[in-house]
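Novice: Sharing a structure, written as structure tokens. Questions coming.
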Amino acid sequence: MSKKIRLVARLDVKNENLVKGIQLEGLRKLGNPNDFAKQYYLDGIDEIIYIDIVASLYNRNNLSSIVQQTVKDVYIPVCVGGGIRNIEDVRAILSAGADKVAINTATIKNPKLITEVAETFGSQCMVLSIQAKKSRSQTGIWEAYYDNGRAHSGYDVVEWAKKGVELGAGEILLMSVDNEGLQHGMDIELINKVTKSVNVPVICGGGVGCSTDIANAANAGADAIACASVLHYKKSTIKQLKSELLKEGVEVRIQ
Amino acid sequence: MKKTVIIDYGLSNLLSVEHAFNHFGVDAIITNEPRKVYQAEALVLPGVGAFDDGMKGLKKLGLLEPLNAAVANGVPLLGICLGMQMLFEQSEEFGLHEGLGFIPGKVVRIPEYDTAGNLQKVPHISWNPLLPAENKIDFSDTVLEKVRPGQEAYFIHSYEAKPSFLQNRLADTIYGGRRICAVATNGNVIGTQFHPEKSGEVGLAIINSFIERYC
């Protein structure tokens, strides 16, 4: 059975600006996130993810007004993350128009939050966000980070993903911090391990530079691919990526 | 223009549904008041989350009677996702629960294995094609008339509706090698398992048809 993947645009936001860094450092301002989201929608992206990347440091998510604006003319799923700490934060961001929430830091501090969100809003709404960094001492091991890649959790990524699904996560957003922003390909071994360990869809991100990177991740088991730099810096377009993917035998939605 | 009402029972992202109707010039009323549901000339029942929570929400707000009355009077009703599933008689999500019973059939968990015997992912989260049900050749003269068979819509669900009769099945999609009911109808009651308000141009075309036919 041939597999079909979703292409997701990941927009990191800091103080109302779309930003992008490398390995989550050295952020560059790129413009108004709504303009980017609208263009990606028109170009055929399958989903949008907004992450307020400084929110967990400041204990607040600033994205409500951006999301409200986006959903006025972007008719595809919108996932929002960054600084979401409790059920009330989830409710606020959903009522601004988001369909699902991606939570990292708060789930590490309080894993029960995963169950609470899933029970209140449905597991399809609870996306467990995992920032994975390769262990320096052991091969084939990744550690989950939080506070935008700054803090160690001590959790093994594969075990944490399994635990998150047990607790009620309906989807996983898996990002390789090591590969993030470099556009030199994704962490295929990580994708392979996590997607084989859980029975929910996994959105994989970190390192997409071209359609071959996406095809490799799809073949390793990714259900959706998060793209950022490759789109933001106009190295490629969604149409181009999708038509190349079809040639490489990866099924995607064509408008 | 008829009075179009979107039912708010506390369990959904209503904003996108509202925008989609606005997009075609329909100023829909969002409400949880029984009185306004009684007055509605077209109804939308959106929804995400668990079946029992949805039914309890409707019950608690006193919306079951006005919904029953509306459907008995032929008022068109569009159910979306959980809203579609609640149109059926029964669901087995977290125990057996009674639904609205507007379409004969029940709601069951998506099978754990695909037809090749491999574990498949649940929830089903994907853009997948809309295909005419097995007794139909196309979508002409239906709410899907602007959709070309094979065009894709956005699905996100762990349970699926099983209409008792093929005649209540308008469109299917395929997941794990099996047909899943994508659109069910019974008279003026229509349910979409996918989210038309999140399915780009295809979804907007369906909402446009619903408006042209009913609003």
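Residues in the structure tokens are named by chain (A, B, ... in the order shown) and by number from 1 within that chain; ligands are numbered from 1 in the order shown.
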Identify, on the basis of only C-alpha atoms, every residue whose closest approach to stretch 156-172 of chain A does not exceed 9 Å; exclude the query and any residue fewer than 2 positions from it along the same chain; express the result as a PyMOL selection string.
Specialist: (chain A and resi 102+107+111-119+122-133+141-144+153-154+174+190+193-194+197-204) or (chain B and resi 122-123+125)
Novice: Could you pull out the residues in chain B that DSSP calls strand (DSSP E) from the backbone, as a CSV table (one decimal) with N, CA and C atoms, in the first residue's frame?
Specialist:
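Contents of out08.csv, freshly written:
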chain,number,residue,atom,x,y,z
B,4,THR,N,-29.5,30.8,9.0
B,4,THR,CA,-28.6,29.7,9.2
B,4,THR,C,-28.0,29.7,10.6
B,5,VAL,N,-28.0,28.6,11.2
B,5,VAL,CA,-27.6,28.6,12.6
B,5,VAL,C,-26.5,27.5,12.8
B,6,ILE,N,-25.4,28.0,13.4
B,6,ILE,CA,-24.3,27.0,13.8
B,6,ILE,C,-24.5,26.7,15.3
B,7,ILE,N,-24.6,25.4,15.6
B,7,ILE,CA,-24.9,25.1,17.0
B,7,ILE,C,-23.5,25.0,17.8
B,29,ILE,N,-25.6,32.4,12.4
B,29,ILE,CA,-25.8,32.8,13.8
B,29,ILE,C,-25.1,31.6,14.6
B,30,ILE,N,-24.2,32.0,15.5
B,30,ILE,CA,-23.7,30.9,16.4
B,30,ILE,C,-24.4,31.0,17.7
B,31,THR,N,-24.9,29.8,18.1
B,31,THR,CA,-25.8,29.9,19.3
B,31,THR,C,-25.8,28.6,20.1
B,42,ALA,N,-31.7,26.6,8.4
B,42,ALA,CA,-30.7,25.7,8.0
B,42,ALA,C,-29.8,25.6,9.3
B,43,LEU,N,-29.3,24.4,9.5
B,43,LEU,CA,-28.5,24.1,10.7
B,43,LEU,C,-27.2,23.5,10.4
B,44,VAL,N,-26.2,23.9,11.2
B,44,VAL,CA,-24.9,23.2,11.1
B,44,VAL,C,-24.5,22.7,12.5
B,45,LEU,N,-24.1,21.5,12.6
B,45,LEU,CA,-23.7,20.9,13.8
B,45,LEU,C,-22.2,20.5,13.7
B,77,LEU,N,-29.8,20.0,7.7
B,77,LEU,CA,-28.8,19.9,8.8
B,77,LEU,C,-27.6,19.3,8.3
B,78,LEU,N,-26.5,20.1,8.5
B,78,LEU,CA,-25.1,19.6,8.1
B,78,LEU,C,-24.3,19.3,9.4
B,79,GLY,N,-24.0,18.0,9.5
B,79,GLY,CA,-23.1,17.6,10.7
B,79,GLY,C,-21.7,17.4,10.2
B,80,ILE,N,-20.8,17.9,11.0
B,80,ILE,CA,-19.3,17.8,10.6
B,80,ILE,C,-18.6,17.0,11.6
B,88,PHE,N,-26.0,9.6,13.8
B,88,PHE,CA,-26.3,8.2,13.8
B,88,PHE,C,-27.0,7.7,15.1
B,89,GLU,N,-27.4,6.4,15.1
B,89,GLU,CA,-28.2,5.9,16.2
B,89,GLU,C,-27.4,5.7,17.5
B,90,GLN,N,-26.1,5.3,17.2
B,90,GLN,CA,-25.4,4.7,18.4
B,90,GLN,C,-23.9,4.8,18.1
B,91,SER,N,-23.1,5.0,19.2
B,91,SER,CA,-21.6,4.9,19.0
B,91,SER,C,-21.1,4.0,20.1
B,97,HIS,N,-23.2,4.5,23.4
B,97,HIS,CA,-24.0,5.7,23.7
B,97,HIS,C,-25.0,6.0,22.6
B,98,GLU,N,-26.1,6.5,22.9
B,98,GLU,CA,-27.2,6.8,22.0
B,98,GLU,C,-26.9,8.1,21.3
B,103,ILE,N,-29.8,9.2,11.1
B,103,ILE,CA,-29.4,8.4,10.0
B,103,ILE,C,-29.3,7.0,10.6
B,104,PRO,N,-29.9,5.9,10.0
B,104,PRO,CA,-29.7,4.6,10.6
B,104,PRO,C,-28.3,4.1,10.5
B,105,GLY,N,-27.8,3.6,11.6
B,105,GLY,CA,-26.4,3.1,11.6
B,105,GLY,C,-25.7,3.4,12.9
B,106,LYS,N,-24.5,2.9,12.9
B,106,LYS,CA,-23.7,3.2,14.2
B,106,LYS,C,-22.3,3.6,13.9
B,107,VAL,N,-21.6,4.0,15.0
B,107,VAL,CA,-20.3,4.5,14.9
B,107,VAL,C,-19.4,3.6,15.7
B,108,VAL,N,-18.3,3.1,15.0
B,108,VAL,CA,-17.4,2.1,15.5
B,108,VAL,C,-16.0,2.6,15.4
B,109,ARG,N,-15.1,2.0,16.2
B,109,ARG,CA,-13.7,2.3,16.1
B,109,ARG,C,-13.1,1.9,14.8
B,124,HIS,N,-7.0,8.4,12.2
B,124,HIS,CA,-6.7,8.6,10.8
B,124,HIS,C,-6.7,10.1,10.6
B,125,ILE,N,-5.4,10.5,10.3
B,125,ILE,CA,-5.2,12.0,10.1
B,125,ILE,C,-4.6,12.1,8.7
B,126,SER,N,-5.4,12.5,7.7
B,126,SER,CA,-4.9,12.6,6.4
B,126,SER,C,-5.8,13.3,5.4
B,127,TRP,N,-5.3,13.8,4.4
B,127,TRP,CA,-6.1,14.2,3.2
B,127,TRP,C,-6.3,13.0,2.4
B,128,ASN,N,-7.6,12.7,2.2
B,128,ASN,CA,-7.9,11.5,1.4
B,128,ASN,C,-9.0,11.7,0.4
B,129,PRO,N,-9.1,10.9,-0.6
B,129,PRO,CA,-10.0,11.2,-1.7
B,129,PRO,C,-11.5,10.9,-1.4
B,131,LEU,N,-14.8,9.5,-2.9
B,131,LEU,CA,-15.2,8.6,-3.9
B,131,LEU,C,-16.7,8.4,-3.8
B,132,PRO,N,-17.4,8.2,-5.0
B,132,PRO,CA,-18.8,7.9,-4.9
B,132,PRO,C,-19.0,6.6,-4.1
B,152,GLU,N,-9.5,15.6,-2.8
B,152,GLU,CA,-9.2,15.2,-1.4
B,152,GLU,C,-9.8,16.1,-0.3
B,153,ALA,N,-10.1,15.5,0.8
B,153,ALA,CA,-10.6,16.3,2.0
B,153,ALA,C,-9.8,15.9,3.2
B,154,TYR,N,-9.9,16.8,4.2
B,154,TYR,CA,-9.0,16.5,5.4
B,154,TYR,C,-9.8,15.7,6.5
B,155,PHE,N,-9.3,14.6,6.8
B,155,PHE,CA,-9.9,13.7,7.8
B,155,PHE,C,-9.1,13.7,9.1
B,156,ILE,N,-9.8,13.7,10.2
B,156,ILE,CA,-9.1,13.5,11.5
B,156,ILE,C,-10.1,12.9,12.5
B,157,HIS,N,-10.0,11.5,12.6
B,157,HIS,CA,-10.9,10.8,13.5
B,157,HIS,C,-10.4,9.4,13.8
B,159,TYR,N,-12.9,7.1,15.1
B,159,TYR,CA,-14.1,6.3,14.9
B,159,TYR,C,-14.7,6.6,13.6
B,160,GLU,N,-15.5,5.7,13.1
B,160,GLU,CA,-16.1,5.8,11.7
B,160,GLU,C,-17.6,5.4,11.8
B,161,ALA,N,-18.4,6.1,11.0
B,161,ALA,CA,-19.8,5.8,10.9
B,161,ALA,C,-20.0,4.7,9.9
B,162,LYS,N,-20.9,3.8,10.3
B,162,LYS,CA,-21.3,2.7,9.4
B,162,LYS,C,-22.8,2.8,9.2
B,163,PRO,N,-23.2,3.4,8.1
B,163,PRO,CA,-24.7,3.5,7.8
B,163,PRO,C,-25.2,2.1,7.6
B,169,ARG,N,-25.4,6.3,2.1
B,169,ARG,CA,-24.0,6.6,1.9
B,169,ARG,C,-23.8,7.3,0.6
B,170,LEU,N,-23.3,8.5,0.7
B,170,LEU,CA,-23.1,9.3,-0.6
B,170,LEU,C,-21.6,9.2,-1.0
B,171,ALA,N,-20.7,9.3,-0.1
B,171,ALA,CA,-19.3,9.3,-0.5
B,171,ALA,C,-18.5,8.5,0.5
B,172,ASP,N,-17.4,7.8,0.0
B,172,ASP,CA,-16.5,7.1,0.9
B,172,ASP,C,-15.1,7.6,0.7
B,173,THR,N,-14.2,7.3,1.6
B,173,THR,CA,-12.8,7.4,1.3
B,173,THR,C,-12.2,6.0,1.6
B,174,ILE,N,-10.9,5.9,1.3
B,174,ILE,CA,-10.3,4.6,1.6
B,174,ILE,C,-9.2,4.8,2.6
B,175,TYR,N,-9.2,4.0,3.6
B,175,TYR,CA,-8.1,4.0,4.6
B,175,TYR,C,-7.7,2.6,5.0
B,178,ARG,N,-9.7,-0.1,3.2
B,178,ARG,CA,-11.1,-0.3,3.4
B,178,ARG,C,-11.9,1.0,3.1
B,179,ARG,N,-13.1,0.9,2.7
B,179,ARG,CA,-13.9,2.1,2.5
B,179,ARG,C,-14.4,2.6,3.9
B,180,ILE,N,-14.3,3.9,4.1
B,180,ILE,CA,-14.8,4.5,5.3
B,180,ILE,C,-15.9,5.5,4.8
B,181,CYS,N,-17.0,5.6,5.4
B,181,CYS,CA,-18.1,6.5,5.0
B,181,CYS,C,-17.6,7.9,5.2
B,182,ALA,N,-17.6,8.7,4.1
B,182,ALA,CA,-17.1,10.1,4.2
B,182,ALA,C,-18.3,11.1,4.2
B,183,VAL,N,-19.3,10.8,3.5
B,183,VAL,CA,-20.5,11.6,3.6
B,183,VAL,C,-21.8,10.7,3.6
B,184,ALA,N,-22.6,11.0,4.6
B,184,ALA,CA,-23.8,10.2,4.8
B,184,ALA,C,-25.0,11.2,4.7
B,185,THR,N,-26.1,10.7,4.1
B,185,THR,CA,-27.3,11.6,4.0
B,185,THR,C,-28.6,10.8,4.3
B,186,ASN,N,-29.6,11.5,4.7
B,186,ASN,CA,-30.9,11.0,4.9
B,186,ASN,C,-31.9,12.1,4.8
B,189,VAL,N,-30.8,15.7,5.9
B,189,VAL,CA,-29.7,15.6,6.9
B,189,VAL,C,-28.5,15.1,6.2
B,190,ILE,N,-27.4,15.8,6.4
B,190,ILE,CA,-26.1,15.5,5.7
B,190,ILE,C,-25.0,15.5,6.7
B,191,GLY,N,-24.1,14.5,6.6
B,191,GLY,CA,-23.0,14.5,7.5
B,191,GLY,C,-21.7,14.2,6.8
B,192,THR,N,-20.7,15.0,7.1
B,192,THR,CA,-19.4,14.8,6.5
B,192,THR,C,-18.4,14.4,7.6
Novice: Considering only C-alpha atoms, give me a table of residues in chain B that are at most 9 Å from chain A, with the closest atom pair and distance in Å for each, as a tab-separated table.
Specialist:
residue	atom	partner	partner_atom	distance
B:Leu11	CA	A:Phe121	CA	7.1
B:Ser12	CA	A:Leu94	CA	8.1
B:Asn13	CA	A:Gly97	CA	5.9
B:Leu14	CA	A:Gly97	CA	7.5
B:Leu15	CA	A:Gly97	CA	5.6
B:Ser16	CA	A:Val71	CA	6.2
B:His19	CA	A:Lys72	CA	5.9
B:Ala20	CA	A:Tyr75	CA	7.8
B:His23	CA	A:Asp73	CA	8.3
B:Val48	CA	A:Gly122	CA	6.9
B:Gly49	CA	A:Gly122	CA	4.1
B:Ala50	CA	A:Gly122	CA	6.0
B:Asp53	CA	A:Thr120	CA	8.7
B:Ala116	CA	A:Met1	CA	8.4
B:Leu119	CA	A:Asn199	CA	7.7
B:Gln120	CA	A:Asn199	CA	6.9
B:Lys121	CA	A:Val200	CA	5.0
B:Val122	CA	A:Val200	CA	5.6
B:Pro123	CA	A:Val200	CA	6.4
B:His124	CA	A:Pro201	CA	7.9
B:Ile125	CA	A:Pro201	CA	7.1
B:Ser126	CA	A:Arg6	CA	7.0
B:Trp127	CA	A:Arg253	CA	6.7
B:Asn128	CA	A:Arg253	CA	7.9
B:Pro129	CA	A:Arg253	CA	9.0
B:Gln151	CA	A:Gln255	CA	7.6
B:Glu152	CA	A:Arg253	CA	6.9
B:Tyr154	CA	A:Ile76	CA	7.9
B:Ile156	CA	A:Gln124	CA	6.8
B:His157	CA	A:Gln124	CA	7.0
B:Ser158	CA	A:Gln124	CA	8.1
B:Gly176	CA	A:Met1	CA	8.0
B:Gly177	CA	A:Met1	CA	7.9
B:His195	CA	A:Ile76	CA	9.0
B:Pro196	CA	A:Tyr75	CA	8.5
B:Glu197	CA	A:Tyr75	CA	5.8
B:Lys198	CA	A:Ile76	CA	4.0
B:Ser199	CA	A:Ile76	CA	5.6
B:Gly200	CA	A:Tyr75	CA	4.9
B:Glu201	CA	A:Tyr75	CA	7.8
B:Val202	CA	A:Gln255	CA	8.5
B:Gly203	CA	A:Tyr75	CA	8.2
B:Leu204	CA	A:Tyr75	CA	8.1
Novice: Would you mind reading off the distance between atom CA of A:Gln69 and atom CA of A:Lys38, one decimal, in Å?
Specialist: 10.1 Å
Novice: Tell me which of B:Phe165, B:Phe94, B:Phe210, B:Phe194 sits closest to B:Val143, counting only C-alpha atoms.
Specialist: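 For B:Val143, the nearest of the given residues is B:Phe210.
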Novice: Using only C-alpha atoms, which protein or nucleic acid residues come within 12 Å of A:Asp187? Drop anything in the same chain fewer than 3 positions from it, and give the result as a PyMOL selection string.
Specialist: chain A and resi 132-134+140+142+174-180+182-184+190-194+204-208+213-214+216-218+220-222
Novice: Measuring between only C-alpha atoms, which one of B:Met55, B:Gly95, B:Arg213, B:Tyr38 shows the shortest distance to B:Ala69?
Specialist: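 For B:Ala69, the nearest of the given residues is B:Tyr38.
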Novice: Using the chain letters and numbers from this document, which residues of stretch 6-215 of chain B does DSSP assign to helix (DSSP H, G or I), as a ChimeraX atom specification?
Specialist: /B:14-23,34-39,51-60,64-72,82-85,166-168,196-198,200-214
